[in-house]
Every structure is written in C-alpha cells, then in structure tokens.
Amino acid sequence: PSTLDELVGQQHLTGKGSILRTAIEHGKIPSMILWGAPGTGKTTIAHIIAQTLKAPFFQLSAISSGVKEVREVIEEAKTKTGCILFIDEIHRFNNGQQDALLGAVEKGIITLIGATTENPSFEVNSALLSRCQVYVLKPLTDKDLIHVLHMAIRKDELLHRKSIEIKETEALINISGGDARKLLNL
C-alpha cells in the first residue's frame with residue numbers, strides 16, 4: 001500500500017478521524033514508536049507517512065546500524081527540512097545508541113519513527129520514550145489477511161498475470177500466524 005486508504009488493518013490509528021491520520025493530514029506528525037507483532041504494518045505505515053508528507057526519508061535497521069550511521073543521518077538532515085528517520089527494530093539499540101537520537105528529536109532536526117515488536121516501556125530508554133508517542137498496532141484479523149491476499153493476487157506486478165486459485169485459505173491464514181508478510185511469502 002502507498003496510501004492510508006490502501007492500508008489493511010490498524011483503523012484505530014489510520015482510519016477516518018483517527019489520531020495518526022489526523023496528524024498526517026495536518027502535515028505534522030510527532031516522533032513515534034510503532035509497537036506491534038511482525039507483519040502488522042509498522043514499516044508500511046512509516047513509508048506511507050513519508051510518501052504522503054513528501055518528506056526526506058532515511059531508514060536504518062538497529063540490527064546493522066550504530067551511532068555512526070545515526071550521526072550521519074542527523075548531519076544530512078540538518079541540511080533539509082521535515083526529515084523522517086525510520087529505525088526498524090529500535091529495541092535492539094543500546095542506551096548509548098538511543099541517546100544519540102535525543103538532541104535531534106528534541107530540536108526537530110528529525111522526526112523519529114521507531115518500529116518494535118517489544119514493549120517500548122522496557123526496551124526504549126525513558127528519555128527517548130518521553131519524546132515519542134507510542135502507537136500500538138493490533139494483530140491483523142483473518143478478514144484483514146484474506147483481503148491482503150486477494151489484493152496481492154489482483155494488483156501484484158507478477159501475480160496478477162497468473163491464474164491463481166487458492167484452495168486452502170484457512171491453512172494459509174493459520175500458518176501465517178497473523179503476519180501479512182509471511183502470508184504473502186507463503
């Protein structure tokens with residue numbers, strides 16, 4: 001999905017009149033932590049926000065990045081306005097790595113969007129957490145997953161050219177464990 005209207009699930013955050021949609025529509029989002037299970041839309045929401053706001057977008061993975069990469073992004077962001085820094089698996093950053101974000105978030109040099117599968121109250125340090133809104137992503141329902149599946153078959157660049165008949169939708173849903181990414185891979 002490239003717009004909020006195409007996003008499946010998370011209506012409490014992105015549906016008409018919701019808090020996050022309203023912030024996006026006003027062009028001013030807070031720094032935030034998106035907390036939810038794998039495949040519920042954390043990365044997708046971050047990309048939709050950046051596309052909608054036409055904001056400079058930087059993406060780091062806490063698994064493979066450190067303070068050096070964070071500082072490089074912050075330096076580049078100082079030359080632009082409205083920059084978004086998306087950090088996937090932010091819970092894997094240690095306190096020092098998280099502290100490297102504080103000044104830039106506080107001064108508005110970057111708007112931080114952190115994604116985590118872990119409870120941010122325990123995994124994100126309190127100084128950074130106090131500068132962010134925490135949005136909880138709910139698990140996708142079976143209906144949501146079926147919608148994702150059918151949309152992919154209709155709209156995917158490769159899949160829509162094939163004649164696909166799904167005979168075991170329930171099995172796919174069960175094996176995916178509520179993870180849309182895993183469902184699509186299956």
# chains A, B, ... in the order shown; residues from 1 in each chain; ligands from 1
>>> select_by_dssp(residues="stretch 36-186 of chain A", states="strand (DSSP E or B)", output="count of residues only")
22
>>> residues_around(residues="A:His47", least_positions_apart="2", cutoff="12 Å", atoms="only C-alpha atoms", output="list in words")
Pro1, Ser2, Thr3, Leu4, Leu7, Gly41, Lys42, Thr43, Thr44, Ile45, Ile49, Ala50, Gln51, Thr52, Leu53, Lys54, Ala55, Pro56, Phe57, Phe58, Gln59, Ile84, Leu85, Phe86, Ile87, Asp88, Ile113 and Ala115 of chain A
>>> select_by_dssp(residues="chain A", states="alpha helix (DSSP H)", output="PyMOL selection string")
chain A and resi 11-14+19-25+42-53+67-77+95-107+120-123+126-129+142-155+169-176+180-185
>>> residues_around(residues="stretch 169-186 of chain A", least_positions_apart="4", cutoff="8 Å", atoms="only C-alpha atoms", output="PyMOL selection string")
chain A and resi 37-40+139-142+145-146+148-149+152
>>> write_last_selection(atoms="N, CA, C and O atoms", output="CSV table (one decimal), in the first residue's frame")
chain,number,residue,atom,x,y,z
A,37,ALA,N,3.2,-6.7,16.5
A,37,ALA,CA,3.7,-8.0,16.1
A,37,ALA,C,4.3,-7.9,14.7
A,37,ALA,O,4.0,-7.0,13.9
A,38,PRO,N,5.2,-8.8,14.3
A,38,PRO,CA,5.7,-8.8,12.9
A,38,PRO,C,4.5,-8.9,11.9
A,38,PRO,O,3.5,-9.6,12.1
A,39,GLY,N,4.7,-8.2,10.8
A,39,GLY,CA,3.7,-8.2,9.7
A,39,GLY,C,2.4,-7.5,9.9
A,39,GLY,O,1.5,-7.7,9.2
A,40,THR,N,2.4,-6.6,10.9
A,40,THR,CA,1.2,-5.8,11.2
A,40,THR,C,1.1,-4.5,10.5
A,40,THR,O,0.1,-3.8,10.6
A,139,PRO,N,-3.1,-6.9,16.1
A,139,PRO,CA,-2.9,-8.1,15.1
A,139,PRO,C,-3.9,-8.0,14.0
A,139,PRO,O,-5.1,-7.5,14.2
A,140,LEU,N,-3.5,-8.4,12.8
A,140,LEU,CA,-4.5,-8.4,11.7
A,140,LEU,C,-5.5,-9.5,11.9
A,140,LEU,O,-5.1,-10.6,12.3
A,141,THR,N,-6.7,-9.3,11.5
A,141,THR,CA,-7.7,-10.3,11.7
A,141,THR,C,-7.7,-11.2,10.4
A,141,THR,O,-7.0,-10.9,9.4
A,142,ASP,N,-8.4,-12.3,10.5
A,142,ASP,CA,-8.4,-13.3,9.4
A,142,ASP,C,-9.0,-12.5,8.2
A,142,ASP,O,-8.5,-12.7,7.0
A,145,LEU,N,-6.3,-10.4,6.6
A,145,LEU,CA,-5.3,-11.2,5.9
A,145,LEU,C,-5.9,-11.7,4.6
A,145,LEU,O,-5.2,-11.7,3.6
A,146,ILE,N,-7.1,-12.1,4.6
A,146,ILE,CA,-7.8,-12.5,3.3
A,146,ILE,C,-7.8,-11.4,2.3
A,146,ILE,O,-7.6,-11.6,1.1
A,148,VAL,N,-5.7,-8.8,2.2
A,148,VAL,CA,-4.3,-8.7,1.7
A,148,VAL,C,-4.0,-9.7,0.6
A,148,VAL,O,-3.4,-9.3,-0.4
A,149,LEU,N,-4.4,-10.9,0.9
A,149,LEU,CA,-4.1,-12.0,-0.1
A,149,LEU,C,-4.8,-11.7,-1.4
A,149,LEU,O,-4.1,-11.8,-2.5
A,152,ALA,N,-3.2,-8.7,-3.3
A,152,ALA,CA,-1.9,-9.1,-3.9
A,152,ALA,C,-2.1,-9.8,-5.2
A,152,ALA,O,-1.5,-9.6,-6.2
>>> closest_residue(among="A:Ile164, A:Val8, A:Leu13, A:Val67", to="A:Trp35", atoms="only C-alpha atoms")
A:Leu13
>>> closest_residue(among="A:Glu69, A:Val105, A:Thr116, A:Met151", to="A:Val136", atoms="only C-alpha atoms")
A:Thr116
>>> closest_residue(among="A:Lys143, A:Lys78, A:His12, A:Arg71", to="A:Asp99", atoms="only C-alpha atoms")
A:Arg71
